[in-house]
file entry-v6.cif (mmCIF, C-alpha atoms)
data_protein
#
loop_
_atom_site.label_atom_id
_atom_site.label_comp_id
_atom_site.auth_asym_id
_atom_site.auth_seq_id
_atom_site.Cartn_x
_atom_site.Cartn_y
_atom_site.Cartn_z
CA MET A 1 80.39 269.62 -169.36
CA ARG A 2 79.69 266.75 -171.73
CA ILE A 3 79.50 263.47 -169.81
CA THR A 4 79.98 260.25 -171.74
CA ALA A 5 80.50 256.65 -170.78
CA PRO A 6 83.84 255.28 -172.03
CA SER A 7 83.83 253.81 -175.51
CA ALA A 8 85.34 250.46 -176.36
CA ASP A 9 88.25 252.20 -178.10
CA GLN A 10 89.39 255.60 -176.89
CA SER A 11 92.56 255.62 -179.00
CA ARG A 12 93.04 256.79 -182.56
CA ASP A 13 95.53 255.65 -185.16
CA VAL A 14 96.19 258.54 -187.52
CA ARG A 15 99.32 257.16 -189.19
CA ILE A 16 99.98 256.34 -192.81
CA ASP A 17 103.26 254.52 -193.37
CA GLY A 18 104.32 255.57 -189.86
CA GLU A 19 103.51 259.27 -190.38
CA ILE A 20 100.77 261.52 -189.08
CA ARG A 21 98.63 262.74 -192.01
CA ILE A 22 95.83 265.20 -192.73
CA SER A 23 93.10 263.91 -195.02
CA ARG A 24 91.74 267.36 -195.78
CA VAL A 25 91.11 270.82 -194.38
CA GLU A 26 87.48 271.81 -193.92
CA GLY A 27 85.43 274.66 -192.50
CA VAL A 28 88.06 277.31 -193.25
CA ARG A 29 87.04 280.64 -191.75
CA GLU A 30 89.05 283.76 -191.10
CA ASP A 31 89.62 282.86 -187.46
CA ARG A 32 89.70 279.04 -187.45
CA LEU A 33 89.75 275.85 -189.48
CA ASP A 34 88.95 272.16 -189.08
CA ILE A 35 91.35 269.33 -189.85
CA LEU A 36 90.04 265.90 -190.82
CA TRP A 37 92.61 263.26 -189.88
CA SER A 38 93.15 260.08 -191.81
CA ASP A 39 91.09 257.98 -189.37
CA GLY A 40 88.03 260.23 -189.75
CA GLY A 41 88.64 262.19 -186.55
CA ARG A 42 88.19 265.93 -186.64
CA SER A 43 89.99 268.70 -184.73
CA GLN A 44 89.42 272.46 -184.72
CA TYR A 45 92.30 274.95 -184.58
CA TRP A 46 92.09 278.68 -184.03
CA ALA A 47 93.99 281.00 -186.35
CA TYR A 48 95.66 282.62 -183.35
CA TRP A 49 97.01 279.25 -182.17
CA ILE A 50 98.25 278.35 -185.67
CA ARG A 51 100.12 281.63 -185.89
CA LEU A 52 101.65 281.02 -182.46
CA ARG A 53 102.66 277.50 -183.39
CA ALA A 54 104.23 278.63 -186.66
CA THR A 55 106.22 281.38 -184.91
CA GLY A 56 107.83 278.73 -182.72
CA ALA A 57 110.97 279.59 -180.72
CA GLY A 58 110.65 283.26 -181.59
CA LEU A 59 108.02 283.49 -178.87
CA PHE A 60 110.59 282.93 -176.16
CA THR A 61 113.37 285.16 -174.93
CA ASP A 62 116.31 284.80 -172.59
CA VAL A 63 116.21 281.69 -170.40
CA ALA A 64 112.74 280.68 -171.62
CA ARG A 65 114.18 280.05 -175.10
CA ASN A 66 116.40 277.30 -173.69
CA TRP A 67 113.91 275.69 -171.32
CA SER A 68 110.55 275.92 -173.06
CA ASP A 69 108.89 272.62 -173.92
CA GLY A 70 106.46 274.33 -176.27
CA ALA A 71 103.64 274.36 -173.74
CA ASN A 72 104.18 277.76 -172.17
CA PHE A 73 103.24 280.08 -175.04
CA HIS A 74 103.81 283.69 -174.05
CA PRO A 75 103.63 285.68 -177.29
CA GLN A 76 105.47 288.93 -177.81
CA GLN A 77 103.16 291.74 -178.86
CA HIS A 78 105.00 292.37 -182.13
CA LEU A 79 105.02 288.71 -183.15
CA VAL A 80 101.33 287.83 -183.12
CA SER A 81 98.37 290.08 -183.68
CA GLU A 82 94.80 289.21 -182.87
CA SER A 83 93.86 290.74 -186.20
CA ASP A 84 95.63 287.94 -188.15
CA ARG A 85 93.09 286.31 -190.40
CA ILE A 86 93.16 283.20 -192.60
CA GLU A 87 92.76 283.76 -196.35
CA ARG A 88 92.90 280.08 -197.33
CA ALA A 89 94.42 276.79 -196.16
CA HIS A 90 95.28 273.48 -197.78
CA THR A 91 97.37 270.36 -197.31
CA ALA A 92 100.72 269.68 -198.97
CA ASP A 93 103.08 266.74 -199.41
CA GLY A 94 100.30 264.20 -199.37
CA GLY A 95 98.84 265.42 -196.10
CA ALA A 96 102.16 265.67 -194.25
CA CYS A 97 101.88 269.47 -194.03
CA LEU A 98 99.32 272.20 -193.52
CA VAL A 99 99.79 275.43 -195.48
CA VAL A 100 97.98 278.55 -194.27
CA ASN A 101 97.87 281.77 -196.28
CA TRP A 102 97.13 284.91 -194.29
CA ARG A 103 95.40 288.12 -195.37
CA ASP A 104 98.59 290.10 -194.83
CA GLY A 105 100.17 288.17 -197.72
CA THR A 106 102.34 285.87 -195.59
CA SER A 107 102.02 282.11 -195.31
CA ASP A 108 103.00 279.43 -192.81
CA ARG A 109 103.75 275.77 -193.33
CA LEU A 110 103.31 273.38 -190.38
CA ALA A 111 104.09 269.67 -190.23
CA SER A 112 101.03 267.53 -189.59
CA ARG A 113 102.96 265.64 -186.94
CA ASP A 114 103.62 268.85 -185.00
CA ILE A 115 99.99 269.92 -185.15
CA TRP A 116 98.77 266.50 -184.05
CA SER A 117 101.34 266.14 -181.27
CA ALA A 118 100.22 269.41 -179.67
CA GLU A 119 96.90 267.73 -178.88
CA HIS A 120 97.79 264.04 -178.71
CA ASP A 121 101.37 263.81 -177.48
CA ASP A 122 100.58 261.90 -174.26
CA PRO A 123 100.96 258.15 -174.93
CA ALA A 124 99.39 257.36 -171.53
CA ARG A 125 96.24 259.30 -172.42
CA ARG A 126 95.96 257.54 -175.77
CA ILE A 127 95.88 254.06 -174.28
CA GLU A 128 92.72 252.12 -175.05
CA ARG A 129 90.93 251.21 -171.82
CA LYS A 130 89.71 247.62 -171.87
CA THR A 131 86.74 246.72 -169.74
CA TRP A 132 86.34 243.43 -167.89
CA SER A 133 83.85 241.54 -165.75
CA SER A 134 83.53 238.35 -163.69
CA THR A 135 85.16 236.06 -166.26
CA LYS A 136 88.44 237.96 -166.67
CA THR A 137 91.61 236.04 -165.79
CA TRP A 138 94.81 237.87 -164.91
CA PRO A 139 98.26 237.25 -166.40
CA SER A 140 101.29 238.02 -164.25
CA TRP A 141 104.79 239.42 -164.70
CA GLY A 142 107.74 238.11 -162.73
CA PHE A 143 109.41 240.15 -160.01
CA GLY A 144 112.76 239.41 -161.61
CA SER A 145 111.97 240.94 -165.00
CA LEU A 146 110.34 244.03 -163.48
CA ILE A 147 112.39 244.77 -160.37
CA GLU A 148 115.40 242.52 -159.75
CA ASP A 149 116.87 242.52 -163.25
CA PRO A 150 114.52 244.98 -164.92
CA SER A 151 113.71 244.68 -168.59
CA SER A 152 112.33 247.82 -170.21
CA GLU A 153 110.26 245.65 -172.55
CA ALA A 154 108.67 243.71 -169.68
CA LEU A 155 108.03 246.86 -167.65
CA LEU A 156 106.45 248.62 -170.63
CA GLU A 157 104.23 245.58 -171.24
CA PHE A 158 103.22 245.49 -167.56
CA LEU A 159 102.44 249.21 -167.36
CA THR A 160 100.52 249.10 -170.63
CA PHE A 161 98.36 246.25 -169.34
CA TYR A 162 97.78 248.09 -166.07
CA LEU A 163 96.73 251.31 -167.80
CA GLU A 164 94.42 249.34 -170.09
CA HIS A 165 92.73 247.26 -167.39
CA GLY A 166 93.37 249.04 -164.10
CA VAL A 167 94.62 245.75 -162.62
CA ALA A 168 97.92 243.85 -162.96
CA LEU A 169 99.77 241.08 -161.10
CA ILE A 170 103.43 240.62 -160.21
CA SER A 171 104.51 237.09 -159.28
CA ASN A 172 107.40 235.55 -157.31
CA VAL A 173 107.89 238.57 -155.06
CA PRO A 174 110.26 237.78 -152.15
CA ARG A 175 108.45 237.14 -148.90
CA ARG A 176 109.99 240.11 -147.13
CA ALA A 177 108.53 243.20 -145.52
CA ASP A 178 110.54 245.55 -147.78
CA SER A 179 109.62 243.84 -151.07
CA LEU A 180 106.55 245.98 -151.62
CA ALA A 181 108.63 249.15 -151.34
CA ARG A 182 110.98 247.71 -153.99
CA VAL A 183 108.00 247.04 -156.25
CA ALA A 184 106.70 250.56 -155.70
CA GLY A 185 110.08 252.08 -156.54
CA GLY A 186 110.40 249.92 -159.63
CA ILE A 187 107.10 250.84 -161.25
CA ALA A 188 106.30 254.26 -159.74
CA ALA A 189 106.98 255.79 -156.31
CA LEU A 190 105.50 255.34 -152.86
CA ALA A 191 102.64 257.67 -151.91
CA PRO A 192 102.54 257.66 -148.09
CA SER A 193 99.29 258.23 -146.23
CA HIS A 194 98.25 258.49 -142.58
CA LEU A 195 98.68 254.69 -142.58
CA GLY A 196 102.39 255.14 -143.30
CA ASP A 197 104.53 254.11 -146.27
CA ALA A 198 102.93 250.66 -146.06
CA PHE A 199 100.36 248.99 -143.83
CA ASP A 200 99.68 245.47 -142.57
CA ILE A 201 96.41 243.74 -143.35
CA ARG A 202 95.93 240.90 -140.89
CA THR A 203 93.63 240.14 -138.02
CA THR A 204 94.33 241.68 -134.63
CA ASP A 205 92.54 241.70 -131.29
CA ASN A 206 92.22 245.49 -131.44
CA PRO A 207 91.63 246.40 -135.10
CA LYS A 208 92.32 249.99 -136.15
CA HIS A 209 90.83 249.64 -139.62
CA ILE A 210 88.52 247.23 -141.40
CA GLY A 211 91.42 245.34 -143.01
CA GLU A 212 92.39 244.00 -139.59
CA VAL A 213 89.24 241.89 -139.20
CA ALA A 214 88.46 238.48 -140.73
CA ALA A 215 84.90 239.44 -141.69
CA GLU A 216 83.83 240.30 -145.22
CA ILE A 217 84.88 243.73 -146.50
CA PRO A 218 82.28 245.34 -148.80
CA LEU A 219 83.20 246.93 -152.14
CA HIS A 220 84.88 250.31 -151.80
CA ILE A 221 87.83 252.46 -152.79
CA ASP A 222 90.48 253.13 -150.19
CA LEU A 223 90.70 256.47 -148.38
CA VAL A 224 87.61 257.83 -150.14
CA TYR A 225 87.19 260.13 -147.13
CA ARG A 226 90.28 262.11 -148.10
CA GLN A 227 89.98 265.14 -150.37
CA PHE A 228 92.30 263.43 -152.86
CA PRO A 229 92.06 259.64 -152.54
CA PRO A 230 95.10 257.69 -153.79
CA SER A 231 95.04 256.49 -157.38
CA VAL A 232 97.17 253.34 -157.29
CA GLN A 233 97.19 250.60 -154.65
CA ALA A 234 99.36 247.50 -154.27
CA LEU A 235 98.75 244.43 -152.07
CA HIS A 236 101.47 241.85 -151.37
CA ALA A 237 100.34 238.38 -150.24
CA ILE A 238 102.96 237.53 -147.61
CA ASN A 239 100.95 234.58 -146.29
CA GLN A 240 97.85 233.54 -148.20
CA VAL A 241 95.15 231.14 -146.97
CA ASP A 242 93.41 228.36 -148.89
CA ASP A 243 89.86 228.94 -147.66
CA GLY A 244 88.19 232.33 -148.08
CA GLY A 245 89.88 235.72 -148.26
CA GLU A 246 89.33 236.13 -152.01
CA ASN A 247 89.46 239.67 -153.31
CA GLU A 248 86.48 240.98 -155.28
CA LEU A 249 87.08 243.51 -158.04
CA VAL A 250 84.62 245.58 -160.09
CA ASP A 251 85.52 247.62 -163.16
CA ILE A 252 83.60 250.90 -163.15
CA HIS A 253 84.29 251.36 -166.87
CA HIS A 254 82.24 248.21 -167.41
CA ILE A 255 79.52 249.44 -165.04
CA LEU A 256 79.17 252.78 -166.82
CA ARG A 257 78.16 251.02 -170.02
CA GLN A 258 75.22 249.48 -168.20
CA MET A 259 73.96 252.69 -166.62
CA THR A 260 71.36 255.10 -167.96
CA PRO A 261 72.46 258.64 -168.89
CA GLU A 262 70.08 259.97 -166.25
CA ASP A 263 71.70 257.97 -163.45
CA ILE A 264 75.20 258.92 -164.64
CA GLU A 265 74.15 262.58 -164.62
CA LEU A 266 72.84 262.40 -161.05
CA LEU A 267 75.81 260.51 -159.63
CA SER A 268 78.36 262.72 -161.38
CA THR A 269 76.93 266.17 -160.69
CA ILE A 270 75.79 265.93 -157.05
CA PRO A 271 78.56 265.51 -154.45
CA VAL A 272 78.16 263.51 -151.25
CA ASP A 273 80.27 263.30 -148.11
CA PHE A 274 82.60 260.50 -147.02
CA VAL A 275 83.66 260.60 -143.39
CA ALA A 276 86.24 258.75 -141.27
CA ARG A 277 86.15 259.73 -137.61
CA SER A 278 87.87 258.08 -134.68
CA THR A 279 89.94 259.05 -131.65
CA SER A 280 92.99 259.48 -133.93
CA VAL A 281 91.65 260.87 -137.25
CA HIS A 282 88.80 262.93 -138.62
CA PHE A 283 88.82 262.97 -142.42
CA ARG A 284 86.08 264.35 -144.63
CA GLY A 285 85.96 264.23 -148.41
CA ARG A 286 83.17 265.55 -150.61
CA HIS A 287 83.00 263.96 -154.06
CA PRO A 288 80.52 262.95 -156.74
CA VAL A 289 80.32 259.16 -156.85
CA LEU A 290 81.22 259.25 -160.56
CA GLN A 291 83.81 261.76 -161.74
CA PHE A 292 84.55 263.02 -165.25
CA ASP A 293 86.94 265.57 -166.71
CA LEU A 294 85.83 268.60 -168.72
CA ASP A 295 85.90 266.56 -171.93
CA GLY A 296 83.48 264.03 -170.45
CA ASN A 297 86.07 261.29 -169.90
CA PHE A 298 85.66 259.14 -166.77
CA THR A 299 88.38 259.87 -164.19
CA GLY A 300 87.32 258.07 -161.04
CA VAL A 301 84.74 256.60 -158.69
CA ALA A 302 84.17 257.53 -155.04
CA TYR A 303 82.38 254.74 -153.22
CA ASN A 304 82.38 253.28 -149.73
CA GLN A 305 78.91 252.58 -148.45
CA TYR A 306 79.94 252.42 -144.80
CA LYS A 307 81.66 255.85 -144.99
CA ILE A 308 79.08 257.76 -147.06
CA SER A 309 76.88 260.56 -145.74
CA PHE A 310 74.16 262.15 -147.86
CA PRO A 311 73.83 265.94 -147.40
CA PRO A 312 70.29 267.28 -146.87
CA SER A 313 70.42 268.92 -150.31
CA VAL A 314 70.53 265.57 -152.13
CA PRO A 315 67.21 265.13 -154.01
CA PRO A 316 65.10 261.95 -153.72
CA ALA A 317 65.95 260.87 -157.29
CA TYR A 318 69.59 260.59 -156.25
CA TYR A 319 68.87 257.87 -153.69
CA PHE A 320 67.17 255.72 -156.31
CA ALA A 321 70.05 256.21 -158.77
CA PHE A 322 72.53 255.32 -156.03
CA GLU A 323 70.60 252.15 -155.18
CA ARG A 324 70.54 251.09 -158.85
CA PHE A 325 74.30 251.68 -158.98
CA ARG A 326 74.80 249.70 -155.76
CA ARG A 327 72.85 246.73 -157.10
CA MET A 328 74.73 246.84 -160.38
CA ILE A 329 78.19 246.71 -158.84
CA HIS A 330 77.15 243.73 -156.70
CA ALA A 331 75.64 241.76 -159.58
CA PRO A 332 77.56 238.44 -159.83
CA GLU A 333 78.30 238.93 -163.53
CA ASN A 334 80.12 242.18 -162.73
CA VAL A 335 82.25 240.97 -159.81
CA ASN A 336 85.65 239.46 -160.58
CA ARG A 337 86.71 237.18 -157.75
CA MET A 338 90.34 236.20 -157.33
CA ARG A 339 92.66 235.13 -154.53
CA ILE A 340 96.00 236.93 -154.68
CA PRO A 341 98.52 234.14 -155.26
CA GLN A 342 101.08 233.47 -152.55
CA ASP A 343 104.08 235.83 -152.93
CA ALA A 344 102.29 237.91 -155.57
CA VAL A 345 101.54 241.64 -155.64
CA LEU A 346 98.21 242.86 -156.96
CA VAL A 347 98.41 246.39 -158.39
CA PHE A 348 95.12 248.13 -159.13
CA ASP A 349 93.66 251.53 -159.93
CA ASN A 350 91.95 252.64 -156.73
CA ARG A 351 89.94 255.27 -158.67
CA ARG A 352 88.65 252.86 -161.31
CA THR A 353 88.40 249.50 -159.53
CA LEU A 354 86.15 248.86 -156.58
CA HIS A 355 87.59 246.16 -154.35
CA GLY A 356 86.38 244.08 -151.43
CA ARG A 357 87.31 240.84 -149.69
CA ARG A 358 85.46 237.71 -148.62
CA SER A 359 85.65 236.53 -145.04
CA PHE A 360 88.11 233.88 -143.86
CA ARG A 361 88.88 231.82 -140.74
CA ASP A 362 92.63 231.24 -140.83
CA THR A 363 94.07 234.21 -138.97
CA SER A 364 97.57 233.57 -140.32
CA ARG A 365 96.57 235.43 -143.50
CA HIS A 366 98.96 238.38 -143.94
CA VAL A 367 98.92 240.99 -146.71
CA ILE A 368 100.95 244.20 -146.87
CA GLY A 369 99.50 247.18 -148.70
CA CYS A 370 100.73 250.53 -149.95
CA PHE A 371 99.75 253.36 -152.27
CA LEU A 372 101.70 254.47 -155.32
CA SER A 373 101.94 257.73 -157.24
CA ASP A 374 99.88 257.64 -160.41
CA ASP A 375 101.90 260.58 -161.79
CA ASP A 376 105.16 258.68 -161.36
CA LEU A 377 103.69 255.51 -162.86
CA ARG A 378 102.49 257.36 -165.94
CA SER A 379 105.77 259.25 -166.22
CA ARG A 380 107.63 255.93 -166.29
CA TYR A 381 105.24 254.59 -168.90
CA ARG A 382 105.68 257.66 -171.11
CA LEU A 383 109.48 257.42 -171.00
CA LEU A 384 109.42 253.71 -171.84
CA ALA A 385 106.85 254.20 -174.63
CA GLU A 386 108.85 257.04 -176.17
CA ALA A 387 112.09 255.02 -175.97
CA ALA A 388 110.39 252.00 -177.56
CA SER A 389 109.21 254.14 -180.47
CA GLY A 390 112.61 255.66 -181.06
CA GLY A 391 111.70 258.96 -179.45
CA GLN A 392 108.74 259.38 -181.79
CA LEU A 393 105.09 259.60 -180.83
CA ALA A 394 104.12 256.26 -179.35
#

call {"tool": "encode", "arguments": {"input": "entry-v6.cif", "output": "structure tokens"}}
result
Amino acid sequence: MRITAPSADQSRDVRIDGEIRISRVEGVREDRLDILWSDGGRSQYWAYWIRLRATGAGLFTDVARNWSDGANFHPQQHLVSESDRIERAHTADGGACLVVNWRDGTSDRLASRDIWSAEHDDPARRIERKTWSSTKTWPSWGFGSLIEDPSSEALLEFLTFYLEHGVALISNVPRRADSLARVAGGIAALAPSHLGDAFDIRTTDNPKHIGEVAAEIPLHIDLVYRQFPPSVQALHAINQVDDGGENELVDIHHILRQMTPEDIELLSTIPVDFVARSTSVHFRGRHPVLQFDLDGNFTGVAYNQYKISFPPSVPPAYYFAFERFRRMIHAPENVNRMRIPQDAVLVFDNRRTLHGRRSFRDTSRHVIGCFLSDDDLRSRYRLLAEAASGGQLA
């Protein structure tokens, strides 16, 4: 697995006059070829895949022909042979098409847009992640334009900002217990946990979780002790206080740029345990602190210092890397401090953004929290992005 810290710009613009174009075809071999896109990016395509793509709907029979979205290739034996070999390949129509000539004398012509969309057709994945630190200030979107009288333009803008930054604010949310559920349904869908659909965060005489105390809450992600911690969290300030109680936020994308490759390697390849045990629950999750997908893209952080347990197999070098990481996330220049405005909802990526809270004295402080489905949020974004682009690739 190739592990890389996120770049400043993870998106690519491969359009010329609104169209996807191929600059040239390179590295043509009998079983594969490389395409150089107009932005300088390069992609490799196997001859077998090109033949499948060119065959199109002929791959599907019966009900599959009507319901296939193009992702579930299941070739018929007589349609595609593993012995198909490329004779030559070139672009046509100014880069709008790829033409492949095969050794059996046949040829296929594929639109550049179709080739590109097979690899890049997720507008949510193409969003440029923007890092931030202590000096970032947060714009807000009104409850009315997102939920009460929803505007697709406002919702698309809000979701875009959230996916870019991992944090977004909604203002003027009615001071009611059910308002957070309305927000959740408007931008995604509720993701219930053992805490319920939603949970109160205010001081009590018999606290059941750390949110019910007035003391400082260290940086963490919520429910890290579960096998699959929630991705999106929302906090509604029902009654905010003027002194203390500020939330502290840390962007792990920003932290990764400051880390050494050696520390990233250690914290992403060695899993540790996170445990929550009481008279009512016993959760255990085992995760690397830093998590990446198979392409080396950062997918999440697992951190909660008061829930972590290091297995005996963890080598000494890991402890030193963990301590350097711990110091880095607590460095003042990396911590964004903000008090959730009265009647506002803070939405943040629980897998990207560490969060904590400063202590306070006024026990009237009341916040309601919930978790949201990241899949539903991204689905809503994709539909809005596709609609905004006229059904074309966003």

call {"tool": "resolve_selection", "arguments": {"input": "entry-v6.cif", "expression": "the PyMOL selection byres ((chain A and resi 190) around 8)", "output": "list of chain:residue names"}}
result
A:Ala181, A:Ala184, A:Gly185, A:Ala188, A:Ala189, A:Ala191, A:Pro192, A:Asp197, A:Cys370, A:Phe371, A:Leu372, A:Ser373

call {"tool": "closest_residue", "arguments": {"input": "entry-v6.cif", "among": "A:Ala387, A:Val173, A:Ala215, A:Leu33", "to": "Gly244 in chain A", "atoms": "all atoms listed in the file"}}
result
A:Ala215

call {"tool": "residues_around", "arguments": {"input": "entry-v6.cif", "residues": "Leu235 in chain A", "least_positions_apart": "5", "cutoff": "8 Å", "atoms": "only C-alpha atoms", "output": "list in words"}}
result
Leu180, Val345, Leu346, Val347, Val367, Ile368, Gly369 and Cys370 of chain A

call {"tool": "resolve_selection", "arguments": {"input": "entry-v6.cif", "expression": "the PyMOL selection byres ((chain A and resi 374) around 6)", "output": "list in words"}}
result
Ser231, Val232, Ser373, Asp375, Asp376 and Leu377 of chain A

call {"tool": "resolve_selection", "arguments": {"input": "entry-v6.cif", "expression": "the PyMOL selection byres ((chain A and resi 222) around 9)", "output": "list in words"}}
result
His220, Ile221, Leu223, Val224, Tyr225, Pro229, Pro230, Gln233, Tyr303, Asn304, Asn350, Arg351, Leu354 and His355 of chain A

call {"tool": "atom_distance", "arguments": {"input": "entry-v6.cif", "atom1": "CA of Glu246 in chain A", "atom2": "CA of Arg337 in chain A"}}
result
6.4 Å

call {"tool": "build_atoms", "arguments": {"input": "entry-v6.cif", "residues": "range 296-313 of chain A", "atoms": "N, CA, C and O atoms", "output": "compact mmCIF listing (two decimals), in the coordinates of the input"}}
result
# COMPACT_ATOMS: atom_id res chain seq x y z
N GLY A 296 84.44 265.11 -170.62
CA GLY A 296 83.48 264.03 -170.45
C GLY A 296 84.09 262.66 -170.27
O GLY A 296 83.38 261.66 -170.30
N ASN A 297 85.41 262.58 -170.08
CA ASN A 297 86.07 261.29 -169.90
C ASN A 297 86.05 260.89 -168.42
O ASN A 297 86.35 261.71 -167.55
N PHE A 298 85.73 259.64 -168.14
CA PHE A 298 85.66 259.14 -166.77
C PHE A 298 87.04 259.21 -166.12
O PHE A 298 88.04 258.77 -166.70
N THR A 299 87.10 259.75 -164.90
CA THR A 299 88.38 259.87 -164.19
C THR A 299 88.40 259.13 -162.87
O THR A 299 89.48 258.88 -162.33
N GLY A 300 87.25 258.78 -162.30
CA GLY A 300 87.32 258.07 -161.04
C GLY A 300 85.96 257.85 -160.40
O GLY A 300 84.97 258.51 -160.71
N VAL A 301 85.94 256.90 -159.47
CA VAL A 301 84.74 256.60 -158.69
C VAL A 301 85.06 256.89 -157.23
O VAL A 301 86.20 256.73 -156.78
N ALA A 302 84.06 257.35 -156.49
CA ALA A 302 84.17 257.53 -155.04
C ALA A 302 83.04 256.72 -154.41
O ALA A 302 81.87 257.07 -154.55
N TYR A 303 83.42 255.62 -153.76
CA TYR A 303 82.38 254.74 -153.22
C TYR A 303 82.91 254.01 -152.00
O TYR A 303 83.99 253.41 -152.04
N ASN A 304 82.15 254.07 -150.93
CA ASN A 304 82.38 253.28 -149.73
C ASN A 304 81.11 253.43 -148.92
O ASN A 304 80.90 254.45 -148.26
N GLN A 305 80.26 252.42 -148.99
CA GLN A 305 78.91 252.58 -148.45
C GLN A 305 78.90 252.76 -146.94
O GLN A 305 77.99 253.35 -146.39
N TYR A 306 79.93 252.26 -146.25
CA TYR A 306 79.94 252.42 -144.80
C TYR A 306 80.65 253.70 -144.36
O TYR A 306 80.82 253.96 -143.17
N LYS A 307 81.06 254.55 -145.31
CA LYS A 307 81.66 255.85 -144.99
C LYS A 307 80.87 257.01 -145.59
O LYS A 307 81.21 258.17 -145.40
N ILE A 308 79.79 256.72 -146.32
CA ILE A 308 79.08 257.76 -147.06
C ILE A 308 78.07 258.47 -146.17
O ILE A 308 77.50 257.88 -145.24
N SER A 309 77.88 259.76 -146.44
CA SER A 309 76.88 260.56 -145.74
C SER A 309 76.21 261.47 -146.76
O SER A 309 76.89 262.24 -147.45
N PHE A 310 74.89 261.36 -146.87
CA PHE A 310 74.16 262.15 -147.86
C PHE A 310 73.77 263.51 -147.28
O PHE A 310 73.05 263.56 -146.27
N PRO A 311 74.24 264.61 -147.88
CA PRO A 311 73.83 265.94 -147.40
C PRO A 311 72.33 266.15 -147.56
O PRO A 311 71.69 265.51 -148.40
N PRO A 312 71.74 267.03 -146.77
CA PRO A 312 70.29 267.28 -146.87
C PRO A 312 69.86 267.78 -148.25
O PRO A 312 68.68 267.63 -148.62
N SER A 313 70.78 268.37 -149.00
CA SER A 313 70.42 268.92 -150.31
C SER A 313 70.27 267.87 -151.39
O SER A 313 69.81 268.19 -152.51
